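Q: See coords_6.txt below, with compact mmCIF, C-alpha atoms.
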# COMPACT_ATOMS: atom_id res chain seq x y z
CA MET A 1 35.17 -82.12 -25.53
CA ASP A 2 38.75 -81.00 -24.95
CA ASP A 3 37.60 -77.56 -23.88
CA THR A 4 34.78 -78.88 -21.66
CA ILE A 5 37.14 -81.17 -19.71
CA ARG A 6 39.85 -78.53 -19.52
CA ARG A 7 37.40 -75.92 -18.24
CA TYR A 8 36.17 -78.29 -15.53
CA LEU A 9 39.70 -79.07 -14.36
CA VAL A 10 40.60 -75.38 -14.37
CA ASP A 11 37.38 -73.86 -12.96
CA THR A 12 36.32 -76.52 -10.45
CA LEU A 13 39.48 -78.41 -9.48
CA LEU A 14 41.58 -75.23 -9.91
CA ILE A 15 44.38 -76.86 -11.88
CA GLU A 16 46.51 -74.37 -13.82
CA PHE A 17 47.62 -75.80 -17.16
CA GLY A 18 50.28 -74.10 -19.23
CA ASP A 19 53.71 -74.30 -20.77
CA ASP A 20 55.76 -72.36 -18.27
CA GLY A 21 57.57 -74.16 -15.46
CA SER A 22 55.13 -73.26 -12.71
CA ALA A 23 52.07 -74.60 -14.56
CA VAL A 24 50.86 -78.17 -15.05
CA SER A 25 51.45 -80.05 -18.32
CA GLU A 26 48.71 -82.09 -20.00
CA ASP A 27 50.65 -85.28 -19.27
CA ALA A 28 51.30 -84.59 -15.59
CA ASN A 29 49.96 -87.20 -13.17
CA LEU A 30 47.30 -85.24 -11.28
CA PHE A 31 47.28 -87.64 -8.30
CA GLU A 32 51.00 -87.99 -7.77
CA SER A 33 51.44 -84.23 -7.99
CA GLY A 34 48.76 -83.74 -5.32
CA LEU A 35 46.45 -81.70 -7.59
CA ILE A 36 43.43 -83.98 -7.13
CA ASP A 37 42.41 -85.56 -3.82
CA SER A 38 39.78 -88.23 -3.23
CA PHE A 39 36.94 -85.69 -3.11
CA GLY A 40 38.18 -84.16 -6.36
CA PHE A 41 38.30 -87.57 -8.00
CA VAL A 42 34.73 -88.38 -6.97
CA GLN A 43 33.66 -85.03 -8.43
CA LEU A 44 35.60 -85.64 -11.64
CA VAL A 45 34.10 -89.09 -12.25
CA ALA A 46 30.57 -87.78 -11.59
CA PHE A 47 31.17 -84.83 -13.95
CA LEU A 48 32.47 -87.03 -16.78
CA GLU A 49 29.62 -89.54 -16.45
CA LYS A 50 26.95 -86.83 -16.42
CA THR A 51 28.41 -84.51 -19.03
CA PHE A 52 29.32 -87.15 -21.62
CA ASP A 53 26.59 -89.68 -20.72
CA ILE A 54 29.11 -92.46 -20.09
CA LYS A 55 29.54 -95.10 -17.38
CA ILE A 56 32.93 -95.50 -15.75
CA SER A 57 33.48 -98.95 -14.23
CA ASP A 58 35.30 -99.76 -10.98
CA GLU A 59 38.13 -101.29 -13.01
CA GLU A 60 38.49 -98.11 -15.06
CA VAL A 61 38.45 -96.00 -11.91
CA LEU A 62 41.25 -98.17 -10.50
CA SER A 63 43.28 -98.01 -13.72
CA ASP A 64 45.52 -95.15 -14.82
CA ALA A 65 42.92 -93.97 -17.36
CA LEU A 66 42.06 -90.78 -15.50
CA SER A 67 45.45 -89.85 -14.11
CA SER A 68 46.29 -86.92 -16.42
CA PHE A 69 44.41 -84.45 -18.60
CA ALA A 70 45.72 -86.11 -21.77
CA LYS A 71 44.61 -89.55 -20.54
CA ILE A 72 41.20 -88.29 -19.42
CA ARG A 73 40.61 -86.74 -22.84
CA SER A 74 41.67 -89.91 -24.64
CA PHE A 75 39.59 -92.09 -22.30
CA VAL A 76 36.43 -90.02 -22.79
CA GLU A 77 36.92 -89.89 -26.58
CA GLY A 78 37.14 -93.68 -26.63
CA LYS A 79 34.06 -94.07 -24.43
CA VAL A 80 31.94 -91.68 -26.45
CA ALA A 81 32.98 -93.33 -29.74
CA SER A 82 32.19 -96.86 -28.55
CA MET B 1 40.50 -57.02 10.74
CA SER B 2 37.31 -56.95 8.74
CA ALA B 3 36.77 -58.21 5.24
CA PRO B 4 36.77 -55.65 2.43
CA ALA B 5 33.50 -53.79 1.98
CA ALA B 6 31.24 -55.02 -0.76
CA GLY B 7 32.34 -52.06 -2.88
CA GLU B 8 35.98 -53.13 -2.86
CA VAL B 9 35.43 -56.80 -3.61
CA ARG B 10 32.58 -57.71 -5.92
CA LEU B 11 29.98 -60.02 -4.35
CA CYS B 12 27.50 -62.17 -6.27
CA VAL B 13 24.12 -60.46 -6.14
CA ARG B 14 22.41 -63.73 -5.20
CA CYS B 15 24.78 -65.77 -3.02
CA VAL B 16 27.60 -63.47 -1.76
CA LEU B 17 30.53 -65.34 -3.33
CA PRO B 18 33.28 -62.72 -3.74
CA SER B 19 35.37 -61.94 -6.81
CA THR B 20 38.41 -63.17 -4.83
CA PHE B 21 36.96 -66.72 -4.75
CA PRO B 22 39.01 -69.05 -7.02
CA GLY B 23 37.54 -70.01 -10.40
CA ILE B 24 34.58 -67.65 -10.14
CA SER B 25 33.29 -65.29 -12.82
CA PHE B 26 30.33 -62.93 -13.03
CA ASP B 27 27.79 -62.23 -15.76
CA ALA B 28 26.36 -58.83 -16.67
CA ARG B 29 23.64 -59.20 -14.00
CA GLY B 30 26.25 -59.71 -11.29
CA LEU B 31 25.46 -63.41 -10.84
CA CYS B 32 28.43 -65.64 -10.07
CA SER B 33 29.08 -68.66 -12.28
CA LEU B 34 27.72 -71.06 -9.62
CA CYS B 35 24.43 -69.17 -9.34
CA GLN B 36 24.05 -68.97 -13.12
CA ASP B 37 23.80 -72.78 -13.18
CA ALA B 38 21.67 -73.09 -10.03
CA PRO B 39 17.87 -73.49 -9.98
CA PRO B 40 15.75 -71.04 -7.97
CA ALA B 41 15.87 -71.66 -4.20
CA PRO B 42 12.35 -73.27 -3.94
CA GLU B 43 13.37 -76.02 -6.39
CA PHE B 44 16.00 -77.29 -3.97
CA GLU B 45 13.32 -78.82 -1.75
CA LYS B 46 12.39 -81.25 -4.52
CA ILE B 47 16.09 -82.09 -5.03
CA ARG B 48 16.47 -82.67 -1.28
CA GLY B 49 13.37 -84.89 -1.25
CA ASP B 50 14.93 -87.12 -3.91
CA LEU B 51 18.15 -87.26 -1.91
CA ARG B 52 16.29 -88.21 1.27
CA ARG B 53 14.69 -91.15 -0.54
CA LYS B 54 18.12 -92.31 -1.73
CA LEU B 55 19.46 -91.99 1.82
CA GLU B 56 16.57 -94.03 3.19
CA ALA B 57 17.34 -96.77 0.67
CA VAL B 58 20.97 -96.90 1.87
CA PHE B 59 19.83 -97.02 5.49
CA ASP B 60 17.25 -99.75 4.78
CA ALA B 61 19.81 -101.85 2.94
CA ASN B 62 22.32 -101.71 5.80
CA ARG B 63 20.24 -101.61 9.00
CA GLY B 64 20.99 -104.39 11.49
CA LYS B 65 24.01 -105.83 9.70
CA ALA B 66 26.61 -105.02 12.36
CA GLU B 67 26.99 -104.01 16.00
CA TYR B 68 26.20 -100.45 14.87
CA ASP B 69 24.38 -99.33 11.73
CA VAL B 70 26.37 -96.13 11.38
CA ILE B 71 29.38 -94.34 12.83
CA VAL B 72 28.68 -90.64 13.17
CA ALA B 73 31.63 -88.24 13.12
CA PHE B 74 30.37 -86.13 16.01
CA SER B 75 32.07 -82.83 16.76
CA GLY B 76 29.50 -81.62 19.25
CA GLY B 77 28.69 -78.73 16.92
CA LYS B 78 25.16 -77.99 15.79
CA ASP B 79 25.25 -79.82 12.46
CA SER B 80 26.66 -83.14 13.67
CA SER B 81 24.37 -82.97 16.72
CA TYR B 82 21.38 -82.57 14.41
CA THR B 83 22.65 -85.38 12.18
CA LEU B 84 23.00 -87.69 15.16
CA MET B 85 19.52 -86.82 16.38
CA ALA B 86 17.92 -87.36 12.96
CA LEU B 87 19.67 -90.68 12.29
CA THR B 88 18.72 -91.97 15.73
CA ARG B 89 15.16 -90.69 16.02
CA THR B 90 13.88 -90.22 12.47
CA TYR B 91 15.61 -93.16 10.81
CA GLY B 92 15.90 -95.49 13.79
CA LEU B 93 19.55 -96.28 13.16
CA LYS B 94 21.83 -97.62 15.87
CA CYS B 95 24.52 -94.96 15.97
CA LEU B 96 28.00 -94.91 17.46
CA ALA B 97 29.00 -91.28 18.05
CA VAL B 98 32.75 -90.71 17.70
CA THR B 99 34.52 -87.49 18.62
CA ILE B 100 38.12 -86.52 18.00
CA ASP B 101 39.28 -84.24 20.81
CA ASN B 102 41.74 -81.96 19.06
CA GLY B 103 42.54 -80.14 22.29
CA PHE B 104 40.49 -77.09 21.27
CA ILE B 105 36.93 -78.21 21.97
CA ALA B 106 35.20 -75.37 23.83
CA GLU B 107 34.03 -76.11 27.36
CA GLN B 108 30.36 -75.73 26.42
CA ALA B 109 30.89 -77.99 23.41
CA GLN B 110 32.34 -80.68 25.69
CA LYS B 111 29.17 -80.46 27.78
CA ASN B 112 27.15 -80.69 24.57
CA LEU B 113 28.90 -83.93 23.57
CA ARG B 114 27.72 -85.57 26.78
CA ALA B 115 24.28 -83.96 26.78
CA VAL B 116 23.40 -84.96 23.22
CA THR B 117 24.65 -88.56 23.41
CA SER B 118 23.11 -89.01 26.85
CA SER B 119 19.73 -87.61 25.74
CA LEU B 120 19.70 -89.83 22.67
CA GLY B 121 20.82 -92.84 24.71
CA ILE B 122 23.62 -93.83 22.38
CA ASP B 123 27.20 -95.04 22.72
CA PHE B 124 29.94 -92.43 22.53
CA LEU B 125 33.68 -92.77 21.89
CA LEU B 126 36.23 -89.99 22.46
CA PHE B 127 39.68 -90.21 20.88
CA THR B 128 42.39 -87.72 21.83
CA PRO B 129 45.41 -87.62 19.49
CA ALA B 130 48.69 -86.56 21.07
CA PRO B 131 48.62 -82.77 21.52
CA VAL B 132 52.25 -82.44 20.40
CA PHE B 133 51.32 -83.99 17.05
CA MET B 134 48.15 -81.93 16.67
CA HIS B 135 49.97 -78.66 17.39
CA HIS B 136 52.61 -79.53 14.80
CA LEU B 137 49.88 -80.50 12.32
CA TYR B 138 48.07 -77.19 12.78
CA LYS B 139 51.19 -75.03 12.67
CA THR B 140 52.45 -76.76 9.53
CA SER B 141 49.01 -76.49 7.90
CA ALA B 142 49.01 -72.74 8.56
CA THR B 143 52.42 -72.17 7.02
CA THR B 144 52.83 -74.80 4.27
CA PRO B 145 50.75 -75.66 1.17
CA VAL B 146 49.49 -79.11 2.20
CA HIS B 147 46.09 -79.34 0.47
CA THR B 148 44.73 -78.98 -3.06
CA LYS B 149 43.44 -75.58 -4.13
CA ALA B 150 39.96 -77.06 -4.53
CA ALA B 151 39.99 -78.38 -0.95
CA LEU B 152 40.87 -74.90 0.28
CA THR B 153 37.68 -73.50 -1.26
CA ARG B 154 35.70 -75.68 1.18
CA ALA B 155 37.67 -75.13 4.41
CA SER B 156 40.83 -73.58 5.78
CA SER B 157 44.08 -75.52 5.62
CA ILE B 158 43.96 -76.05 9.40
CA CYS B 159 40.41 -77.43 9.16
CA ASN B 160 41.25 -79.60 6.12
CA SER B 161 44.07 -81.31 8.01
CA CYS B 162 41.83 -81.92 11.00
CA ILE B 163 38.95 -83.18 8.82
CA ASN B 164 41.23 -85.62 6.99
CA LEU B 165 42.53 -86.99 10.29
CA ILE B 166 38.96 -87.37 11.57
CA ASN B 167 37.74 -89.03 8.37
CA ASN B 168 40.62 -91.50 8.47
CA HIS B 169 39.88 -92.40 12.07
CA MET B 170 36.23 -93.03 11.21
CA VAL B 171 37.20 -95.35 8.33
CA LYS B 172 39.52 -97.31 10.62
CA LEU B 173 36.75 -97.73 13.18
CA ALA B 174 34.26 -98.76 10.51
CA LEU B 175 36.69 -101.43 9.30
CA GLU B 176 37.40 -102.66 12.82
CA LYS B 177 33.71 -102.93 13.68
CA SER B 178 32.43 -103.78 10.17
CA VAL B 179 30.05 -100.79 10.28
CA PRO B 180 28.75 -100.21 6.73
CA ILE B 181 27.94 -96.50 6.99
CA ILE B 182 29.88 -93.44 8.14
CA ALA B 183 27.92 -90.20 8.53
CA GLY B 184 29.28 -86.68 8.68
CA GLY B 185 27.51 -83.50 9.64
CA TYR B 186 28.79 -81.55 6.66
CA ILE B 187 26.45 -79.08 5.00
CA GLY B 188 26.33 -77.71 1.45
CA GLY B 189 29.57 -76.02 0.40
CA GLN B 190 31.70 -77.92 2.94
CA VAL B 191 31.74 -81.00 0.72
CA PRO B 192 31.09 -81.47 -3.02
CA LYS B 193 27.43 -81.39 -4.08
CA ASP B 194 27.44 -85.06 -5.10
CA SER B 195 28.55 -86.25 -1.66
CA VAL B 196 25.22 -86.84 0.07
CA ILE B 197 25.99 -90.52 -0.58
CA MET B 198 29.43 -91.67 -1.65
CA VAL B 199 30.39 -95.31 -1.88
CA MET B 200 34.02 -95.59 -0.84
CA ASP B 201 35.76 -98.45 -2.61
CA LEU B 202 38.64 -99.37 -0.34
CA ASP B 203 40.90 -100.19 -3.30
CA VAL B 204 40.28 -96.78 -4.88
CA GLN B 205 40.74 -95.08 -1.55
CA ALA B 206 44.05 -96.88 -1.01
CA ARG B 207 45.38 -95.23 -4.14
CA PHE B 208 44.64 -91.71 -2.90
CA ARG B 209 45.72 -92.53 0.61
CA SER B 210 49.14 -93.68 -0.54
CA GLU B 211 49.68 -90.38 -2.36
CA ALA B 212 48.30 -88.37 0.54
CA ILE B 213 50.43 -90.26 3.06
CA LYS B 214 53.59 -89.31 1.19
CA ARG B 215 52.66 -85.64 1.54
CA TYR B 216 51.60 -85.98 5.15
CA LEU B 217 54.81 -87.79 6.12
CA LYS B 218 56.80 -85.04 4.42
CA HIS B 219 54.88 -82.24 6.13
CA PHE B 220 53.84 -83.70 9.48
CA GLY B 221 56.61 -86.22 10.19
CA PRO B 222 56.65 -90.00 10.79
CA ASP B 223 53.76 -89.97 13.30
CA ALA B 224 51.46 -89.01 10.41
CA GLU B 225 51.40 -92.67 9.34
CA GLY B 226 49.46 -93.58 12.48
CA TYR B 227 46.90 -90.82 12.06
CA PHE B 228 46.44 -90.79 8.28
CA GLY B 229 47.29 -94.35 7.33
CA ILE B 230 45.14 -97.47 7.32
CA GLY B 231 47.14 -100.66 7.71
CA ASP B 232 46.83 -103.27 4.97
CA THR B 233 46.18 -105.85 7.68
CA LEU B 234 43.13 -103.98 8.89
CA VAL B 235 41.74 -103.69 5.36
CA ALA B 236 42.43 -107.37 4.63
CA ARG B 237 40.91 -108.53 7.92
CA SER B 238 37.71 -106.49 7.55
CA ALA B 239 34.57 -107.94 6.04
CA LEU B 240 33.93 -104.60 4.33
CA ARG B 241 35.07 -103.89 0.76
CA LYS B 242 33.06 -100.72 0.41
CA ILE B 243 31.81 -98.18 2.93
CA ASN B 244 28.86 -95.81 2.44
CA ILE B 245 29.90 -92.28 3.31
CA VAL B 246 26.80 -90.14 3.83
CA ASN B 247 26.28 -86.46 4.57
CA PRO B 248 22.58 -86.30 5.44
CA MET B 249 22.51 -82.56 6.11
CA LEU B 250 22.76 -82.03 2.34
CA ALA B 251 19.36 -83.72 2.05
CA PHE B 252 17.67 -82.32 5.15
CA GLY B 253 17.57 -78.65 4.22
CA VAL B 254 17.08 -77.09 7.63
CA SER B 255 18.02 -73.57 8.65
CA GLU B 256 20.52 -72.81 11.40
CA GLU B 257 17.71 -71.44 13.59
CA ARG B 258 15.66 -74.62 13.28
CA ILE B 259 18.67 -76.83 13.91
CA ILE B 260 19.47 -75.01 17.15
CA GLU B 261 15.84 -75.02 18.21
CA GLU B 262 15.54 -78.78 17.74
CA ILE B 263 18.85 -79.83 19.33
CA SER B 264 18.21 -77.54 22.31
CA GLU B 265 15.71 -80.18 23.41
CA LEU B 266 18.68 -82.51 23.89
CA GLY B 267 20.39 -80.08 26.26
CA TRP B 268 22.64 -78.62 23.54
CA ARG B 269 23.66 -75.00 24.20
CA LYS B 270 25.42 -72.53 21.90
CA THR B 271 29.05 -71.74 22.62
CA ALA B 272 30.05 -68.14 23.25
CA ASP B 273 33.76 -68.40 22.46
CA THR B 274 34.05 -70.11 19.07
CA GLY B 275 33.38 -67.23 16.65
CA SER B 276 30.72 -66.71 13.97
CA ASN B 277 31.24 -69.93 12.07
CA SER B 278 31.81 -72.67 14.62
CA THR B 279 29.80 -74.10 17.49
CA ASN B 280 32.52 -76.32 18.92
CA CYS B 281 36.14 -75.44 18.04
CA LEU B 282 38.28 -72.75 19.67
CA LEU B 283 40.79 -72.98 16.83
CA ASN B 284 38.31 -72.18 14.08
CA ASP B 285 38.81 -68.43 14.07
CA LEU B 286 42.57 -68.91 13.73
CA GLY B 287 41.96 -71.04 10.64
CA ILE B 288 39.78 -68.27 9.18
CA ALA B 289 42.31 -65.53 9.97
CA VAL B 290 45.19 -67.48 8.43
CA HIS B 291 43.15 -68.42 5.36
CA TYR B 292 42.01 -64.83 4.82
CA LYS B 293 45.56 -63.53 5.10
CA GLN B 294 46.75 -66.03 2.50
CA HIS B 295 43.79 -66.17 0.10
CA ARG B 296 41.72 -62.99 0.70
CA TYR B 297 38.40 -64.73 1.15
CA ASN B 298 36.65 -66.28 4.14
CA PRO B 299 37.03 -70.09 3.98
CA TYR B 300 33.38 -70.39 5.03
CA VAL B 301 32.10 -68.34 2.11
CA ASN B 302 31.45 -71.35 -0.14
CA GLU B 303 29.33 -72.99 2.55
CA ILE B 304 27.54 -69.76 3.43
CA ALA B 305 26.88 -68.93 -0.25
CA GLU B 306 25.38 -72.40 -0.76
CA GLN B 307 23.04 -71.84 2.19
CA VAL B 308 21.86 -68.58 0.61
CA ARG B 309 21.57 -70.14 -2.85
CA THR B 310 19.41 -72.96 -1.54
CA GLY B 311 17.17 -70.71 0.54
CA LEU B 312 18.42 -71.68 4.01
CA MET B 313 20.03 -68.36 4.98
CA SER B 314 19.25 -64.73 4.23
CA ARG B 315 21.76 -62.74 2.20
CA GLU B 316 22.01 -60.19 5.01
CA ASP B 317 22.97 -62.84 7.58
CA ALA B 318 25.42 -64.28 5.09
CA ILE B 319 27.18 -60.96 4.51
CA HIS B 320 27.49 -60.49 8.28
CA LYS B 321 29.08 -63.93 8.70
CA VAL B 322 31.39 -63.64 5.69
CA GLN B 323 32.73 -60.26 6.70
CA ASP B 324 33.51 -61.33 10.27
CA ILE B 325 37.22 -61.96 9.78
CA PRO B 326 39.05 -62.28 13.12
CA ASP B 327 42.06 -60.03 13.62
CA PHE B 328 45.26 -61.40 15.12
CA ALA B 329 44.44 -60.12 18.62
CA ARG B 330 41.33 -62.34 18.60
CA VAL B 331 43.30 -65.47 17.71
CA GLU B 332 46.66 -64.73 19.33
CA ARG B 333 46.09 -67.11 22.25
CA GLN B 334 45.30 -70.02 19.91
CA ALA B 335 48.26 -69.15 17.67
CA ARG B 336 50.61 -69.20 20.66
CA ALA B 337 49.14 -72.54 21.77
CA ILE B 338 50.28 -74.19 18.54
CA GLY B 339 53.57 -72.25 18.41
CA LEU B 340 52.52 -70.09 15.47
CA GLU B 341 53.89 -66.60 14.88
CA TRP B 342 51.73 -64.33 12.70
CA GLY B 343 54.77 -63.41 10.64
CA ASP B 344 55.22 -67.08 9.64
CA VAL B 345 51.81 -67.15 7.93
As a first step, turn the structure in this file into structure tokens.

A:
Amino acid sequence: MDDTIRRYLVDTLLIEFGDDGSAVSEDANLFESGLIDSFGFVQLVAFLEKTFDIKISDEEVLSDALSSFAKIRSFVEGKVAS
Amino acid sequence: MSAPAAGEVRLCVRCVLPSTFPGISFDARGLCSLCQDAPPAPEFEKIRGDLRRKLEAVFDANRGKAEYDVIVAFSGGKDSSYTLMALTRTYGLKCLAVTIDNGFIAEQAQKNLRAVTSSLGIDFLLFTPAPVFMHHLYKTSATTPVHTKAALTRASSICNSCINLINNHMVKLALEKSVPIIAGGYIGGQVPKDSVIMVMDLDVQARFRSEAIKRYLKHFGPDAEGYFGIGDTLVARSALRKINIVNPMLAFGVSEERIIEEISELGWRKTADTGSNSTNCLLNDLGIAVHYKQHRYNPYVNEIAEQVRTGLMSREDAIHKVQDIPDFARVERQARAIGLEWGDV
């Protein structure tokens, strides 16, 4: 799951994760840092719903649950387990 | 300037995406990662048929609810002209055509705006933002990283800024007039695949807009608020909580030749001065030249590759279009018009 989400963010939304200063950390807010725009967010939600067979509600979309890689991973893990 | 020959930059053997395209990889057969996951071209017609039925359901659910059924972002180019014609004639929707005059609409395209709307017998609004702001917007977009990397795979930075301004204006109009649908003329590759129908929740959109506005104010100055913002009062006053954003061209599946043939009946004529990839905007080639200098791939390649992948364009035509990269001499007049020096790019 971790690798699937990471690959999507890297390959499709072109976010470069890493430890050096120029790369993005797993906890970085992807919206505030301008790495995901509204189109990207629509794509991300559709990808997560289709890939992991989950439903993401309007409330969850409006929450902070999908704002960073770490939060996305935790959110999807919780959804899949429930 | 011409793009590197196929031997210098690897091209996908099916769709023409180049090895310089971000996030792309190739398998042993020479297929790019997007083509590896794509069905054969003939299967796309079934996919488009399903999408057309979903579109019809959205149209049926919203027809007759407001002064207009749909606002169409109408550039006067071939795709938005075809969209306007199809929504009016095929689906019987009451359309309001809205054009943003960015100051670079070709003379023939201006005639096309009038010819198409007049032939279809529909209302037409033209909005002209202040040229001083638009020139600053374009120059800054050409010299500063304003947009996400993913957005730049769909259009040049100059086009992205313009598109975002246009989209925002359409949302404001929809709110003012309580129009439940906004239609764009975007084709495959210009927008994400899932965007034939997108339901825009105004609360969700507000979140992205607030982040985007911060960047736009920083890059484009205080006037950006008026062009990229949507006042809370307008949102609160509107009866709409959600707006259907549709891109019907993704479901139509028509070739460029057929589009031009059909809209010619409306009096639409092809421009001769807008380059290989635009049928309305004189600034388009500058956007391509700048993008190619910065990123080493044609910003239209994603769209063109998708047309090939889905069987709407031949690979030969695609290679011709992708490798037509304007040199500076071809775009110098437009660059000067927005105060851009080639060395600043």

Q: Counting all atoms listed in the file, which residues of chain A come no farther than 7 Å from chain B, as a PDB file with C-alpha atoms, in the frame of the given file?

A:
ATOM      1  CA  ASP A  11      37.380 -73.860 -12.960  1.00  0.00           C
ATOM      2  CA  THR A  12      36.320 -76.520 -10.450  1.00  0.00           C
ATOM      3  CA  LEU A  13      39.480 -78.410  -9.480  1.00  0.00           C
ATOM      4  CA  LEU A  14      41.580 -75.230  -9.910  1.00  0.00           C
ATOM      5  CA  PHE A  31      47.280 -87.640  -8.300  1.00  0.00           C
ATOM      6  CA  GLU A  32      51.000 -87.990  -7.770  1.00  0.00           C
ATOM      7  CA  GLY A  34      48.760 -83.740  -5.320  1.00  0.00           C
ATOM      8  CA  LEU A  35      46.450 -81.700  -7.590  1.00  0.00           C
ATOM      9  CA  ILE A  36      43.430 -83.980  -7.130  1.00  0.00           C
ATOM     10  CA  ASP A  37      42.410 -85.560  -3.820  1.00  0.00           C
ATOM     11  CA  SER A  38      39.780 -88.230  -3.230  1.00  0.00           C
ATOM     12  CA  GLN A  43      33.660 -85.030  -8.430  1.00  0.00           C
ATOM     13  CA  LEU A  62      41.250 -98.170 -10.500  1.00  0.00           C
TER      14      LEU A  62
END

Q: Using Å and a single decimal, report how far CA of Lys54 (chain B) sits from CA of Glu59 (chain A).

A: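 Calculated distance between CA of Glu59 (chain A) and CA of Lys54 (chain B) is 24.7 Å.
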
Q: Please measure the separation of CA of Cys12 (chain B) and CA of Gly30 (chain B), giving the value in Å to one decimal.

A: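 Separation between CA of Cys12 (chain B) and CA of Gly30 (chain B): 5.7 Å.
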
Q: Excluding Gly77 (chain B) and residues on its chain fewer than 2 positions from it, collect all residues at most 8 Å away from it, counting all atoms listed in the file, and give them as a ChimeraX atom specification.

A: /B:74-75,79-81,109,278-280

Q: For Gln108 (chain B), work out the shell of residues within 10 Å, counting only C-alpha atoms and skipping chain neighbours fewer than 4 positions away, then give it as JSON, numbers by chain.

A: {"B": [76, 112, 113, 268, 269, 270, 271, 272, 273, 274, 279, 280]}

Q: Restricted to C-alpha atoms, what would the selected residues look like written as a CSV table (one decimal), in the frame of the given file?

A:
chain,number,residue,atom,x,y,z
B,76,GLY,CA,29.5,-81.6,19.2
B,112,ASN,CA,27.2,-80.7,24.6
B,113,LEU,CA,28.9,-83.9,23.6
B,268,TRP,CA,22.6,-78.6,23.5
B,269,ARG,CA,23.7,-75.0,24.2
B,270,LYS,CA,25.4,-72.5,21.9
B,271,THR,CA,29.0,-71.7,22.6
B,272,ALA,CA,30.0,-68.1,23.2
B,273,ASP,CA,33.8,-68.4,22.5
B,274,THR,CA,34.0,-70.1,19.1
B,279,THR,CA,29.8,-74.1,17.5
B,280,ASN,CA,32.5,-76.3,18.9

Q: Quick one, how far is CA of Leu17 (chain B) from CA of Glu16 (chain A)?

A: 21.1 Å

Q: Give the answer as one residue: which of B:Cys162, B:Ala318, B:Ile263, B:Leu240 has the shortest atom-to-atom distance to Asn302 (chain B), using all atoms listed in the file?

A: B:Ala318

Q: Please put the answer as lines of an AutoDock Vina configuration file: centre and edge lengths, in Å with one decimal, of a box along x, y and z that encloses all listed atoms of region 291-307 of chain B plus 8 Å on each side.

A:
center_x = 34.9
center_y = -68.0
center_z = 2.3
size_x = 39.7
size_y = 26.0
size_z = 22.1

Q: Considering all atoms listed in the file, can you say which of A:Ile15, A:Ile56, A:Val10, A:Leu30 comes closest to Val76 (chain A)?

A: A:Ile56

Q: Need to verify the contact set: Pro222 (chain B), 12 Å, only C-alpha atoms, exclusion of same-chain residues closer than 6 positions in sequence. Can you return it as number ranges by chain?

A: B: 133, 136-137, 213-216, 228-229

Q: Put those residues in a file: C-alpha atoms, as an mmCIF file, in the coordinates of the input.

A:
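Dumped to again_32.cif:
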data_model
loop_
_atom_site.group_PDB
_atom_site.id
_atom_site.type_symbol
_atom_site.label_atom_id
_atom_site.label_comp_id
_atom_site.auth_asym_id
_atom_site.auth_seq_id
_atom_site.Cartn_x
_atom_site.Cartn_y
_atom_site.Cartn_z
ATOM 1 C CA PHE B 133 51.320 -83.990 17.050
ATOM 2 C CA HIS B 136 52.610 -79.530 14.800
ATOM 3 C CA LEU B 137 49.880 -80.500 12.320
ATOM 4 C CA ILE B 213 50.430 -90.260 3.060
ATOM 5 C CA LYS B 214 53.590 -89.310 1.190
ATOM 6 C CA ARG B 215 52.660 -85.640 1.540
ATOM 7 C CA TYR B 216 51.600 -85.980 5.150
ATOM 8 C CA PHE B 228 46.440 -90.790 8.280
ATOM 9 C CA GLY B 229 47.290 -94.350 7.330
#

Q: Please complete region 265-273 of chain B so it has N, CA and C atoms, and hand it over as a short mmCIF file (atom, residue, chain, number, x, y, z; two decimals), in the frame of the given file.

A:
data_model
loop_
_atom_site.label_atom_id
_atom_site.label_comp_id
_atom_site.auth_asym_id
_atom_site.auth_seq_id
_atom_site.Cartn_x
_atom_site.Cartn_y
_atom_site.Cartn_z
N GLU B 265 16.49 -79.22 22.62
CA GLU B 265 15.71 -80.18 23.41
C GLU B 265 16.58 -81.28 23.99
N LEU B 266 17.76 -81.48 23.39
CA LEU B 266 18.68 -82.51 23.89
C LEU B 266 19.62 -81.96 24.97
N GLY B 267 19.49 -80.69 25.28
CA GLY B 267 20.39 -80.08 26.26
C GLY B 267 21.57 -79.37 25.61
N TRP B 268 21.55 -79.29 24.27
CA TRP B 268 22.64 -78.62 23.54
C TRP B 268 22.52 -77.10 23.74
N ARG B 269 23.64 -76.46 24.03
CA ARG B 269 23.66 -75.00 24.20
C ARG B 269 24.74 -74.39 23.32
N LYS B 270 24.48 -73.20 22.81
CA LYS B 270 25.42 -72.53 21.90
C LYS B 270 26.67 -72.07 22.66
N THR B 271 27.81 -72.22 22.03
CA THR B 271 29.05 -71.74 22.62
C THR B 271 29.15 -70.23 22.46
N ALA B 272 29.91 -69.59 23.35
CA ALA B 272 30.05 -68.14 23.25
C ALA B 272 31.46 -67.73 22.84
N ASP B 273 32.34 -68.72 22.67
CA ASP B 273 33.76 -68.40 22.46
C ASP B 273 34.37 -69.04 21.22
#
